[in-house]
Amino acid sequence: MAQRPIVTLTTDFGLNDHFVGTVKGAILSIAPEVEIVDICHSVQAFDILDGALALAQAYSYFPTRTVHLVVVDPGVGSARRPILASSDKYNFVAPDNGVLSLMYARDERLNVRHVTSDHYFLQPLSNTFHGRDVFAPVAAYLAKGVDQEKFGPEITDFVRFNAPKPKAVDAKTLRGIVLKVDRFGNLITNITPQDAPALLQTPAPGFKIVVGKREVTALQSNYADGAPNELFAILGSMGYLEIAANRTAAAQLASAGKGTEVSLVLEGAAAAGNGQ
């Protein structure tokens, strides 16, 4: 049996308004055979990096030919371009504001098009809801099999940014930041195993992580190993070092949040790997 086409949704719309349902209706009115999968609608409002992180964690787990629709669009109605990016496996429909940047960094073999063929858009075209009138129909037509070349010309000047990288302060110290706080209150830092390979050696060197008002000196392999109200470090599923607590919000314990500075100090070993 042929696989149903899939369109995923990643937005900052939340679930308190009609926006998500309306976008789904616009897709299904064009391509009723499509299966729609929600990746996340709780991206922080207007937060392009948060949207890029959500997409980057999920898109590669979907079947080939999935269309990923991303609407985190603080510039809606402005001169920012609607774009279609295509890799060997996936298509991405989004505003040209950098929200696809982390995907760009992982999939070098891709082309990006400025969507200019407005006969694919819904009419009348709203200046405030391009998720419904521009991005949803483009995603639907892609899922139906319309060739990407028909949507507009290829471009090379698309917007992209580099995610914040930890910086080496000295031979033993890395300084990073909290990229996000997840639903459980875990502090997701921008430090990866490649930035501090010594931390994951066996036996691991002594270390200290300073975040917010607290110091962390324990590294655990899972969340349940932490003692009650103990802050500890853990390598999370996102591939970043997290500051966590067992059944408690680490963000509250540390009085820290997104953008909080994180300092990692390794004792008796060089801290810096690829951090710059």
# chains A, B, ... in the order shown; residues from 1 in each chain; ligands from 1
$ residues_around --residues "Gln57 of chain A" --least-positions-apart "4" --cutoff "12 Å" --atoms "only C-alpha atoms" --output "short mmCIF file (atom, residue, chain, number, x, y, z; two decimals) with C-alpha atoms, in the first residue's frame"
data_model
loop_
_atom_site.label_atom_id
_atom_site.label_comp_id
_atom_site.auth_asym_id
_atom_site.auth_seq_id
_atom_site.Cartn_x
_atom_site.Cartn_y
_atom_site.Cartn_z
CA THR A 10 6.03 23.37 13.94
CA ILE A 39 5.82 18.42 16.02
CA CYS A 40 5.30 21.39 18.33
CA ASP A 50 13.50 27.97 19.62
CA GLY A 51 11.66 27.03 16.44
CA ALA A 52 14.91 25.99 14.79
CA LEU A 53 15.74 23.77 17.78
CA TYR A 61 12.89 10.85 12.19
CA PHE A 62 10.18 11.10 9.54
CA LEU A 100 15.67 26.51 9.14
CA LEU A 102 19.99 24.21 12.18
CA MET A 103 18.65 22.04 9.40
CA ARG A 106 23.04 19.31 8.97
CA GLY A 236 20.22 14.63 27.16
CA SER A 237 18.52 13.25 24.08
CA MET A 238 18.97 16.56 22.24
CA GLY A 239 22.72 15.97 22.25
CA TYR A 240 23.44 18.83 24.66
#
$ residues_around --residues "segment 250-266 of chain A" --least-positions-apart "3" --cutoff "8 Å" --atoms "only C-alpha atoms" --output "number ranges by chain"
A: 172-181, 185-187, 189, 199, 205-214, 229, 231, 243-245, 269-271
$ select_by_dssp --residues "segment 8-216 of chain A" --states "alpha helix (DSSP H)" --output "MDAnalysis selection string"
chainID A and resid 19:30 48:58 101:106 130 136:144
$ write_last_selection --atoms "C-alpha atoms" --output "mmCIF file, in the first residue's frame"
data_model
loop_
_atom_site.group_PDB
_atom_site.id
_atom_site.type_symbol
_atom_site.label_atom_id
_atom_site.label_comp_id
_atom_site.auth_asym_id
_atom_site.auth_seq_id
_atom_site.Cartn_x
_atom_site.Cartn_y
_atom_site.Cartn_z
ATOM 1 C CA PHE A 19 -4.687 29.107 14.225
ATOM 2 C CA VAL A 20 -3.509 25.476 14.279
ATOM 3 C CA GLY A 21 -6.889 24.071 13.290
ATOM 4 C CA THR A 22 -7.269 26.589 10.485
ATOM 5 C CA VAL A 23 -3.850 25.734 9.027
ATOM 6 C CA LYS A 24 -4.779 22.043 9.095
ATOM 7 C CA GLY A 25 -8.072 22.803 7.370
ATOM 8 C CA ALA A 26 -6.277 24.757 4.638
ATOM 9 C CA ILE A 27 -3.964 21.803 4.020
ATOM 10 C CA LEU A 28 -6.734 19.210 3.989
ATOM 11 C CA SER A 29 -8.954 21.248 1.657
ATOM 12 C CA ILE A 30 -6.196 20.967 -0.977
ATOM 13 C CA ILE A 48 13.218 31.817 15.769
ATOM 14 C CA LEU A 49 16.009 29.917 17.539
ATOM 15 C CA ASP A 50 13.497 27.973 19.623
ATOM 16 C CA GLY A 51 11.660 27.033 16.436
ATOM 17 C CA ALA A 52 14.909 25.986 14.789
ATOM 18 C CA LEU A 53 15.740 23.771 17.785
ATOM 19 C CA ALA A 54 12.323 22.098 17.754
ATOM 20 C CA LEU A 55 12.524 21.320 14.049
ATOM 21 C CA ALA A 56 16.140 20.125 14.208
ATOM 22 C CA GLN A 57 15.319 17.577 16.899
ATOM 23 C CA ALA A 58 12.452 15.987 14.979
ATOM 24 C CA SER A 101 19.272 27.316 10.113
ATOM 25 C CA LEU A 102 19.990 24.214 12.185
ATOM 26 C CA MET A 103 18.648 22.043 9.397
ATOM 27 C CA TYR A 104 20.870 23.886 6.900
ATOM 28 C CA ALA A 105 23.870 23.036 9.087
ATOM 29 C CA ARG A 106 23.041 19.314 8.971
ATOM 30 C CA HIS A 130 0.524 33.637 6.028
ATOM 31 C CA ALA A 136 -0.189 25.771 4.306
ATOM 32 C CA PRO A 137 -1.250 25.646 0.633
ATOM 33 C CA VAL A 138 2.358 25.432 -0.586
ATOM 34 C CA ALA A 139 2.964 22.509 1.778
ATOM 35 C CA ALA A 140 -0.250 20.859 0.615
ATOM 36 C CA TYR A 141 0.606 21.150 -3.081
ATOM 37 C CA LEU A 142 4.084 19.790 -2.408
ATOM 38 C CA ALA A 143 2.541 16.823 -0.604
ATOM 39 C CA LYS A 144 0.305 16.280 -3.641
#
$ atom_distance --atom1 "atom CA of Asn246 of chain A" --atom2 "atom CA of Ile191 of chain A"
20.8 Å
$ residues_around --residues "Phe184 of chain A" --least-positions-apart "6" --cutoff "8 Å" --atoms "only C-alpha atoms" --output "PyMOL selection string"
chain A and resi 247-249
$ residues_around --residues "Pro74 of chain A" --least-positions-apart "3" --cutoff "10 Å" --atoms "only C-alpha atoms" --output "list in words"
Asp12, Ala45, Phe46, Asp47, Ile48, Val71, Gly77, Ser78, Arg80, Pro95, Asn97 and Thr128 of chain A
$ write_last_selection --atoms "C-alpha atoms" --output "tab-separated table (two decimals), in the first residue's frame"
chain	number	residue	atom	x	y	z
A	12	ASP	CA	4.48	29.24	17.90
A	45	ALA	CA	6.34	33.29	20.61
A	46	PHE	CA	8.47	35.04	17.95
A	47	ASP	CA	11.51	32.92	18.97
A	48	ILE	CA	13.22	31.82	15.77
A	71	VAL	CA	5.64	28.89	10.95
A	77	GLY	CA	3.32	40.67	6.16
A	78	SER	CA	6.74	42.30	5.73
A	80	ARG	CA	10.62	38.66	4.29
A	95	PRO	CA	9.57	32.12	6.22
A	97	ASN	CA	14.08	34.35	8.70
A	128	THR	CA	-1.29	38.69	9.21
$ select_by_dssp --residues "segment 181-269 of chain A" --states "strand (DSSP E)" --output "JSON, numbers by chain"
{"A": [181, 187, 188, 189, 207, 208, 209, 210, 211, 214, 215, 216, 232, 233, 234, 235, 241, 242, 243, 244, 261, 262, 263, 264, 265, 266]}
$ write_last_selection --atoms "N, CA and C atoms" --output "JSON list (two decimals), in the first residue's frame"
[["chain", "number", "residue", "atom", "x", "y", "z"],
["A", 181, "VAL", "N", 14.58, 26.03, 28.20],
["A", 181, "VAL", "CA", 14.10, 25.29, 29.36],
["A", 181, "VAL", "C", 12.95, 24.43, 28.87],
["A", 187, "LEU", "N", 17.39, 22.48, 32.14],
["A", 187, "LEU", "CA", 18.11, 23.57, 31.48],
["A", 187, "LEU", "C", 18.97, 22.97, 30.36],
["A", 188, "ILE", "N", 18.60, 23.22, 29.12],
["A", 188, "ILE", "CA", 19.33, 22.68, 27.97],
["A", 188, "ILE", "C", 20.43, 23.67, 27.61],
["A", 189, "THR", "N", 21.67, 23.30, 27.82],
["A", 189, "THR", "CA", 22.78, 24.21, 27.52],
["A", 189, "THR", "C", 23.21, 24.03, 26.06],
["A", 207, "PHE", "N", 34.61, 18.16, 38.18],
["A", 207, "PHE", "CA", 34.17, 19.33, 37.43],
["A", 207, "PHE", "C", 33.22, 20.16, 38.30],
["A", 208, "LYS", "N", 33.01, 21.36, 37.83],
["A", 208, "LYS", "CA", 32.04, 22.25, 38.47],
["A", 208, "LYS", "C", 31.33, 23.01, 37.36],
["A", 209, "ILE", "N", 30.01, 23.03, 37.44],
["A", 209, "ILE", "CA", 29.20, 23.82, 36.52],
["A", 209, "ILE", "C", 28.48, 24.88, 37.35],
["A", 210, "VAL", "N", 28.69, 26.12, 36.98],
["A", 210, "VAL", "CA", 28.01, 27.23, 37.65],
["A", 210, "VAL", "C", 26.90, 27.72, 36.75],
["A", 211, "VAL", "N", 25.67, 27.68, 37.25],
["A", 211, "VAL", "CA", 24.52, 28.14, 36.49],
["A", 211, "VAL", "C", 23.55, 28.82, 37.44],
["A", 214, "ARG", "N", 23.49, 28.38, 41.50],
["A", 214, "ARG", "CA", 23.92, 27.09, 42.01],
["A", 214, "ARG", "C", 25.17, 26.58, 41.31],
["A", 215, "GLU", "N", 25.86, 25.65, 42.01],
["A", 215, "GLU", "CA", 26.97, 24.92, 41.43],
["A", 215, "GLU", "C", 26.57, 23.45, 41.31],
["A", 216, "VAL", "N", 26.97, 22.84, 40.21],
["A", 216, "VAL", "CA", 26.66, 21.45, 39.94],
["A", 216, "VAL", "C", 27.96, 20.68, 39.86],
["A", 232, "PHE", "N", 22.00, 18.11, 38.89],
["A", 232, "PHE", "CA", 23.08, 17.32, 38.30],
["A", 232, "PHE", "C", 23.13, 17.58, 36.80],
["A", 233, "ALA", "N", 24.26, 17.22, 36.21],
["A", 233, "ALA", "CA", 24.42, 17.32, 34.76],
["A", 233, "ALA", "C", 24.08, 15.98, 34.14],
["A", 234, "ILE", "N", 23.60, 16.03, 32.89],
["A", 234, "ILE", "CA", 23.27, 14.82, 32.16],
["A", 234, "ILE", "C", 23.36, 15.12, 30.67],
["A", 235, "LEU", "N", 23.79, 14.14, 29.90],
["A", 235, "LEU", "CA", 23.77, 14.29, 28.46],
["A", 235, "LEU", "C", 22.38, 13.90, 27.99],
["A", 241, "LEU", "N", 24.46, 19.05, 26.82],
["A", 241, "LEU", "CA", 24.56, 18.89, 28.27],
["A", 241, "LEU", "C", 23.39, 19.62, 28.91],
["A", 242, "GLU", "N", 22.69, 18.91, 29.79],
["A", 242, "GLU", "CA", 21.56, 19.50, 30.50],
["A", 242, "GLU", "C", 21.88, 19.62, 31.99],
["A", 243, "ILE", "N", 21.25, 20.59, 32.62],
["A", 243, "ILE", "CA", 21.22, 20.66, 34.08],
["A", 243, "ILE", "C", 19.82, 20.24, 34.49],
["A", 244, "ALA", "N", 19.73, 19.19, 35.29],
["A", 244, "ALA", "CA", 18.44, 18.58, 35.58],
["A", 244, "ALA", "C", 18.30, 18.29, 37.07],
["A", 261, "GLU", "N", 23.92, 32.38, 31.71],
["A", 261, "GLU", "CA", 25.29, 31.95, 31.44],
["A", 261, "GLU", "C", 25.59, 30.66, 32.21],
["A", 262, "VAL", "N", 26.34, 29.78, 31.57],
["A", 262, "VAL", "CA", 26.76, 28.51, 32.16],
["A", 262, "VAL", "C", 28.28, 28.41, 32.06],
["A", 263, "SER", "N", 28.94, 28.16, 33.19],
["A", 263, "SER", "CA", 30.39, 27.99, 33.17],
["A", 263, "SER", "C", 30.73, 26.57, 33.59],
["A", 264, "LEU", "N", 31.52, 25.88, 32.77],
["A", 264, "LEU", "CA", 31.98, 24.53, 33.06],
["A", 264, "LEU", "C", 33.48, 24.57, 33.31],
["A", 265, "VAL", "N", 33.88, 24.12, 34.50],
["A", 265, "VAL", "CA", 35.29, 24.09, 34.87],
["A", 265, "VAL", "C", 35.68, 22.65, 35.14],
["A", 266, "LEU", "N", 36.65, 22.12, 34.40],
["A", 266, "LEU", "CA", 37.16, 20.77, 34.60],
["A", 266, "LEU", "C", 38.45, 20.81, 35.40]]
